[in-house]
Amino acid sequence: MHSVKMTGPEVELFASIVWRLRSAGTGPSVREQVLGDLAQLLRADFAASYIWDSRLNRSLHGTAINIEASRLRDYEQRVHLHDRITPLLRARRRATRVDEVISRRELEQGAHYREFLQPCGMHHGINLFVFDQERDLGDFRVWRGAGQPAFGQREVCLLDALNPYLQQALVLEAGAAPLLTAREQRVAGHVAQGCSDKQIARLMNIGFTTVRTHLKNAMAKTGARNRTELALWRARHGAPPQS
């Protein structure tokens, strides 16, 4: 890593992030575990993290620091359609300041800025998209307010230095799908399709209580707290079920 100015606490914070990435286990996702510390290290005011889905051509599985939940929902449901900068930043495949891919004038003229970035107070941005070859593992979108200086080479170097550790941790997380039985996989798949327990019992020709048992086991193994989280897990880790 090139010479980067860091305070003593920031050096310790960098080391802590690396340690956490190298020892990430169960619990919150890797992105959730490090996002707050990453924002602090980069002296940022706001941060968000998503996983880009190339099939849907949009960002999914968001988590954020200091961004109102209602604003995030609005972005995910509507404003993302006007987001011109995310595809440009993703294409760079390295830490990139927003002003490297779009002029300030062009950015501020867009609906993405007027309806999301500006109301949230986000002015200066830097992003990193993490890949495993051609597979998107996750991204880190970090912003400062208008009263702060723009991101510089310090932040680019720090993100690039963390990139291999982020990649390693996210690869392990993506490949660590818990082993479900064939029936648990099928139940989870039907849940992802929006089926009720009674519908699943009919489709699989098994009893209602058996469906509930498989569902309980699948949720325990995947760490899903509800049907929605199990459906999201199944969408990421498996193919559509066979009836």
# chains A, B, ... in the order shown; residues from 1 in each chain; ligands from 1
call {"tool": "residues_around", "arguments": {"residues": "Ser23 of chain A", "least_positions_apart": "5", "cutoff": "12 Å", "atoms": "only C-alpha atoms", "output": "PyMOL selection string"}}
result
chain A and resi 16-18+30+33-34+165-166+168-170+172-173
call {"tool": "select_by_dssp", "arguments": {"residues": "chain A", "states": "strand (DSSP E)", "output": "PyMOL selection string"}}
result
chain A and resi 46-53+58-65+96-97+124-132+135-144
call {"tool": "residues_around", "arguments": {"residues": "Thr96 of chain A", "least_positions_apart": "6", "cutoff": "10 Å", "atoms": "only C-alpha atoms", "output": "mmCIF file with C-alpha atoms, in the first residue's frame"}}
result
data_model
loop_
_atom_site.group_PDB
_atom_site.id
_atom_site.type_symbol
_atom_site.label_atom_id
_atom_site.label_comp_id
_atom_site.auth_asym_id
_atom_site.auth_seq_id
_atom_site.Cartn_x
_atom_site.Cartn_y
_atom_site.Cartn_z
ATOM 1 C CA LEU A 88 -20.228 3.023 -14.350
ATOM 2 C CA LEU A 89 -18.576 2.461 -10.963
ATOM 3 C CA ARG A 90 -19.152 -1.294 -11.126
ATOM 4 C CA GLY A 125 -18.816 9.531 -3.107
ATOM 5 C CA ILE A 126 -16.399 6.645 -3.506
ATOM 6 C CA ASN A 127 -17.356 3.060 -4.347
ATOM 7 C CA LEU A 128 -15.765 -0.369 -4.448
ATOM 8 C CA PHE A 129 -17.331 -3.360 -6.188
ATOM 9 C CA ARG A 141 -20.813 2.873 -1.425
ATOM 10 C CA PHE A 151 -12.422 11.761 -1.170
ATOM 11 C CA GLY A 152 -8.831 11.548 -2.321
ATOM 12 C CA GLN A 153 -6.027 9.101 -2.993
ATOM 13 C CA GLU A 155 -9.356 6.592 0.535
ATOM 14 C CA VAL A 156 -8.705 4.962 -2.840
ATOM 15 C CA LEU A 159 -10.197 0.539 -0.196
ATOM 16 C CA ASP A 160 -7.869 -1.083 -2.712
#
call {"tool": "select_by_dssp", "arguments": {"residues": "segment 47-184 of chain A", "states": "helix (DSSP H, G or I)", "output": "VMD selection string"}}
result
chain A and resid 69 to 77 79 to 82 85 to 92 98 to 100 104 to 109 111 to 120 153 to 175 182 to 184
call {"tool": "residues_around", "arguments": {"residues": "Asn205 of chain A", "least_positions_apart": "5", "cutoff": "12 Å", "atoms": "only C-alpha atoms", "output": "list in words"}}
result
Arg183, Val187, Asp197, Lys198, Gln199, Ile200, Thr210, Val211 and Ser243 of chain A
